[in-house]
Amino acid sequence: MIKEYTAFIKHSWPILVFGMMTVFMGNFGQSFFVSWFGNSFQEGLGLSATSYGSAYSMATLASGLLLMWIGGRVDDVPLEKFIIFCTIGLCAAALTLWQSNSLPMLIIGLFLLRFFGQGLFPHTAITTMMKTFSLNRGKSLSVATSGVPLGEIILPSIAVFLIVQLGWQQSWLVIALSVPLLYLPLALYLIKRSKDEKYNEHNLSQSNHIDKSVKADGSRRTLLSDYRFWLALPTVLSAPFIVTGVFIHQGFFLPQMGWTPILFASCFVFYGVAHWFASVNAGAMVDRFSGVQLLKFYPIPMFVALLLASQLSGDWIAYALLILLGITIGSGSPIINALWAEVYGTKHIGKIRALTASLTVISTSISPILFGYLIDHGISGSQLFFWLAMYVLVAILATLFSYSYASNSYESNNK
């Protein structure tokens with residue numbers, strides 16, 4: 001596997017570096033990064049926890065709905081122009097947060113940050129990988145999405161340093177300047193360099209690979225009218241839905257489970273490593289088998305993690321929970337994104353992925369509210385973990401009658 005990745009990266013490095021770098025920049029809009037500014041937002045603007053949580057969920061929900069429309073434009077607009085648009089948007093988001101002095105400005109800033117950071121930046125990178133590669137689609141997705149665990153390991157320390165040295169508002173000014181001054185010139189250079197014919201995938205020896213791309217190209221309407229999609233959707237949404245809810249409400253879970261904040265913080269290192277390791281392995285497995293075949297297996301570590309947390313206690317459960325959640329999150333991206341290209345083709349893959357990414361973002365806006373409601377009405381941590389495990393189990397069972405049950409391709413499904 002190491003030799004496969006080494007040869008692949010050496011041959012196709014410009015577009016792969018672009019993908020990983022673009023996903024990494026999108027981390028500025030991910031919950032794990034924004035959460036480091038949560039207390040500063042509340043104290044600086046005089047907000048209650050409820051007001052801040054509602055603003056965050058509102059901004060996330062709005063960004064998810066807009067992503068469904070704007071994200072599909074990546075199929076029609078040249079990549080260079082689209083990435084300039086994304087850069088302007090992320091810069092504007094950070095500048096808005098820099099100048100935030102009221103709740104409405106915070107909501108606007110968070111909306112732009114979630115839309116461009118959590119939404120369009122990774123969406124553009126992942127869609128580009130799916131369009132560019134077929135024989136090595138799984139590995140390309142793993143390389144690109146490794147920008148997330150890299151950010152999980154590096155960015156929290158940077159956030160703390162900036163807040164301590166400059167204050168939370170000036171920190172966002174630094175972030176805003178880094179996007180057009182550091183990211184954009186390098187991104188445009190890499191896109192231009194990747195167009196050289198010598199970097200074409202088919203110039204790389206592929207004796208051990210089978211091209212799993214399909215001839216037919218389904219549209220977003222095709223996806224929505226396919227019963228297999230609706231059976232797979234609970235599994236597709238399960239990991240981001242659950243992980244976001246658990247992380248946002250960790251203040252509730254920690255005392256319930258007898259874990260200290262320091263212990264849980266140390267677990268995040270293992271979470272990031274597991275995330276990266278699982279992504280790399282899943283990418284190679286996708287190229288060897290397919291996303292269709294692997295879909296039903298990827299949520300199993302999360303099911304085990306939730307079941308363990310619902311039945312047992314101890315510090316080791318915290319490590320097991322974060323490691324197994326990291327494995328599920330890491331393997332999910334290459335498997336699920338490869339699945340859409342394998343079944344529906346790549347002609348409209350930007351629009352298809354915009355829809356599925358939008359649904360994912362919306363789910364991450366719902367889980368904090370739903371978990372909060374259940375917590376306020378007396379559910380215990382172990383009970384919540386148990387019912388989440390049951391949800392994952394039902395989702396896995398539904399997946400058995402989805403794409404892995406029927407034919408792989410849209411073309412075969414519509415003969």
# chains A, B, ... in the order shown; residues from 1 in each chain; ligands from 1
call {"tool": "residues_around", "arguments": {"residues": "Leu237 of chain A", "least_positions_apart": "3", "cutoff": "9 Å", "atoms": "only C-alpha atoms", "output": "list of chain:residue names"}}
result
A:Ala232, A:Leu233, A:Pro234, A:Pro240, A:Phe241, A:Ile242, A:Thr356, A:Leu359, A:Thr360, A:Ser363, A:Thr364
call {"tool": "write_last_selection", "arguments": {"atoms": "C-alpha atoms", "output": "mmCIF file, in the first residue's frame"}}
result
data_model
loop_
_atom_site.group_PDB
_atom_site.id
_atom_site.type_symbol
_atom_site.label_atom_id
_atom_site.label_comp_id
_atom_site.auth_asym_id
_atom_site.auth_seq_id
_atom_site.Cartn_x
_atom_site.Cartn_y
_atom_site.Cartn_z
ATOM 1 C CA ALA A 232 -28.204 4.411 2.361
ATOM 2 C CA LEU A 233 -28.830 7.967 3.620
ATOM 3 C CA PRO A 234 -29.128 7.114 7.362
ATOM 4 C CA PRO A 240 -21.134 13.535 11.120
ATOM 5 C CA PHE A 241 -24.523 13.726 12.879
ATOM 6 C CA ILE A 242 -23.361 11.756 15.923
ATOM 7 C CA THR A 356 -25.312 15.097 -0.147
ATOM 8 C CA LEU A 359 -27.738 17.170 3.827
ATOM 9 C CA THR A 360 -24.666 16.360 5.911
ATOM 10 C CA SER A 363 -27.675 17.039 9.960
ATOM 11 C CA THR A 364 -24.806 18.615 11.912
#
call {"tool": "residues_around", "arguments": {"residues": "segment 95-102 of chain A", "least_positions_apart": "6", "cutoff": "10 Å", "atoms": "only C-alpha atoms", "output": "ChimeraX atom specification"}}
result
/A:41,44-47,89,108-110,112-113,168-177
call {"tool": "write_last_selection", "arguments": {"atoms": "C-alpha atoms", "output": "PDB file, in the first residue's frame"}}
result
ATOM      1  CA  PHE A  41     -17.566  35.006  21.205  1.00  0.00           C
ATOM      2  CA  GLY A  44     -16.814  39.477  23.945  1.00  0.00           C
ATOM      3  CA  LEU A  45     -20.380  39.952  22.752  1.00  0.00           C
ATOM      4  CA  GLY A  46     -22.160  39.255  26.049  1.00  0.00           C
ATOM      5  CA  LEU A  47     -24.021  36.193  24.785  1.00  0.00           C
ATOM      6  CA  GLY A  89     -15.818  34.217   0.563  1.00  0.00           C
ATOM      7  CA  ILE A 108     -23.327  36.602   9.327  1.00  0.00           C
ATOM      8  CA  GLY A 109     -19.676  35.811  10.015  1.00  0.00           C
ATOM      9  CA  LEU A 110     -20.450  32.265  11.187  1.00  0.00           C
ATOM     10  CA  LEU A 112     -19.995  32.738   5.744  1.00  0.00           C
ATOM     11  CA  LEU A 113     -17.401  30.739   7.672  1.00  0.00           C
ATOM     12  CA  TRP A 168      -9.813  36.639  19.394  1.00  0.00           C
ATOM     13  CA  GLN A 169     -10.716  39.452  16.975  1.00  0.00           C
ATOM     14  CA  GLN A 170      -7.187  40.087  15.719  1.00  0.00           C
ATOM     15  CA  SER A 171      -6.783  36.327  15.282  1.00  0.00           C
ATOM     16  CA  TRP A 172      -9.474  36.409  12.624  1.00  0.00           C
ATOM     17  CA  LEU A 173      -7.650  39.221  10.832  1.00  0.00           C
ATOM     18  CA  VAL A 174      -4.554  37.001  10.580  1.00  0.00           C
ATOM     19  CA  ILE A 175      -6.705  34.153   9.227  1.00  0.00           C
ATOM     20  CA  ALA A 176      -8.372  36.490   6.731  1.00  0.00           C
ATOM     21  CA  LEU A 177      -5.020  37.677   5.341  1.00  0.00           C
TER      22      LEU A 177
END
call {"tool": "residues_around", "arguments": {"residues": "Ser51 of chain A", "least_positions_apart": "6", "cutoff": "12 Å", "atoms": "only C-alpha atoms", "output": "VMD selection string"}}
result
chain A and resid 38 41 to 43 45 57 to 58 102 to 104 106 to 107
call {"tool": "residues_around", "arguments": {"residues": "Ser310 of chain A", "least_positions_apart": "6", "cutoff": "12 Å", "atoms": "only C-alpha atoms", "output": "MDAnalysis selection string"}}
result
chainID A and resid 253 256:257 303:304 317:318 321 380:390
call {"tool": "write_last_selection", "arguments": {"atoms": "N, CA and C atoms", "output": "PDB file, in the first residue's frame"}}
result
ATOM      1  N   PHE A 253     -21.327  15.112  28.579  1.00  0.00           N
ATOM      2  CA  PHE A 253     -20.883  13.718  28.593  1.00  0.00           C
ATOM      3  C   PHE A 253     -19.717  13.478  29.568  1.00  0.00           C
ATOM      4  N   GLN A 256     -20.748  12.849  33.152  1.00  0.00           N
ATOM      5  CA  GLN A 256     -21.589  11.656  33.131  1.00  0.00           C
ATOM      6  C   GLN A 256     -20.751  10.380  33.064  1.00  0.00           C
ATOM      7  N   MET A 257     -19.665  10.445  32.291  1.00  0.00           N
ATOM      8  CA  MET A 257     -18.824   9.269  32.086  1.00  0.00           C
ATOM      9  C   MET A 257     -17.640   9.222  33.044  1.00  0.00           C
ATOM     10  N   PHE A 303     -20.482   1.967  15.769  1.00  0.00           N
ATOM     11  CA  PHE A 303     -21.468   1.186  16.511  1.00  0.00           C
ATOM     12  C   PHE A 303     -20.833   0.560  17.749  1.00  0.00           C
ATOM     13  N   VAL A 304     -19.656  -0.039  17.568  1.00  0.00           N
ATOM     14  CA  VAL A 304     -18.943  -0.652  18.697  1.00  0.00           C
ATOM     15  C   VAL A 304     -18.593   0.398  19.745  1.00  0.00           C
ATOM     16  N   ILE A 317     -12.348   3.777  28.066  1.00  0.00           N
ATOM     17  CA  ILE A 317     -13.515   3.911  27.182  1.00  0.00           C
ATOM     18  C   ILE A 317     -13.442   5.218  26.398  1.00  0.00           C
ATOM     19  N   ALA A 318     -12.915   6.269  27.029  1.00  0.00           N
ATOM     20  CA  ALA A 318     -12.769   7.555  26.335  1.00  0.00           C
ATOM     21  C   ALA A 318     -11.835   7.413  25.142  1.00  0.00           C
ATOM     22  N   LEU A 321     -13.559   5.238  22.497  1.00  0.00           N
ATOM     23  CA  LEU A 321     -14.618   5.995  21.817  1.00  0.00           C
ATOM     24  C   LEU A 321     -14.035   6.901  20.747  1.00  0.00           C
ATOM     25  N   SER A 380     -29.728  10.150  30.308  1.00  0.00           N
ATOM     26  CA  SER A 380     -28.365  10.022  30.820  1.00  0.00           C
ATOM     27  C   SER A 380     -27.386   9.830  29.667  1.00  0.00           C
ATOM     28  N   GLY A 381     -26.110  10.000  29.955  1.00  0.00           N
ATOM     29  CA  GLY A 381     -25.100   9.818  28.913  1.00  0.00           C
ATOM     30  C   GLY A 381     -25.091   8.402  28.372  1.00  0.00           C
ATOM     31  N   SER A 382     -25.163   7.404  29.249  1.00  0.00           N
ATOM     32  CA  SER A 382     -25.142   6.010  28.796  1.00  0.00           C
ATOM     33  C   SER A 382     -26.387   5.676  27.986  1.00  0.00           C
ATOM     34  N   GLN A 383     -27.536   6.226  28.369  1.00  0.00           N
ATOM     35  CA  GLN A 383     -28.761   5.985  27.601  1.00  0.00           C
ATOM     36  C   GLN A 383     -28.665   6.589  26.203  1.00  0.00           C
ATOM     37  N   LEU A 384     -28.129   7.814  26.121  1.00  0.00           N
ATOM     38  CA  LEU A 384     -27.996   8.456  24.818  1.00  0.00           C
ATOM     39  C   LEU A 384     -27.036   7.686  23.923  1.00  0.00           C
ATOM     40  N   PHE A 385     -25.914   7.233  24.474  1.00  0.00           N
ATOM     41  CA  PHE A 385     -24.982   6.422  23.701  1.00  0.00           C
ATOM     42  C   PHE A 385     -25.659   5.137  23.201  1.00  0.00           C
ATOM     43  N   PHE A 386     -26.491   4.523  24.048  1.00  0.00           N
ATOM     44  CA  PHE A 386     -27.158   3.273  23.655  1.00  0.00           C
ATOM     45  C   PHE A 386     -28.109   3.501  22.482  1.00  0.00           C
ATOM     46  N   TRP A 387     -28.927   4.530  22.567  1.00  0.00           N
ATOM     47  CA  TRP A 387     -29.894   4.765  21.495  1.00  0.00           C
ATOM     48  C   TRP A 387     -29.213   5.219  20.205  1.00  0.00           C
ATOM     49  N   LEU A 388     -28.101   5.905  20.324  1.00  0.00           N
ATOM     50  CA  LEU A 388     -27.323   6.235  19.125  1.00  0.00           C
ATOM     51  C   LEU A 388     -26.755   4.975  18.490  1.00  0.00           C
ATOM     52  N   ALA A 389     -26.314   4.028  19.321  1.00  0.00           N
ATOM     53  CA  ALA A 389     -25.817   2.753  18.802  1.00  0.00           C
ATOM     54  C   ALA A 389     -26.933   2.007  18.073  1.00  0.00           C
ATOM     55  N   MET A 390     -28.145   2.044  18.622  1.00  0.00           N
ATOM     56  CA  MET A 390     -29.271   1.369  17.961  1.00  0.00           C
ATOM     57  C   MET A 390     -29.594   2.029  16.616  1.00  0.00           C
TER      58      MET A 390
END
call {"tool": "residues_around", "arguments": {"residues": "Ala144 of chain A", "least_positions_apart": "2", "cutoff": "6 Å", "atoms": "only C-alpha atoms", "output": "JSON, numbers by chain"}}
result
{"A": [19, 20, 141, 142, 146]}
call {"tool": "closest_residue", "arguments": {"among": "A:Thr399, A:Gln293, A:Pro255, A:Val17", "to": "Ser313 of chain A", "atoms": "only C-alpha atoms"}}
result
A:Pro255
call {"tool": "closest_residue", "arguments": {"among": "A:Leu339, A:Ala284, A:Val246, A:Ile396", "to": "Pro368 of chain A", "atoms": "only C-alpha atoms"}}
result
A:Val246
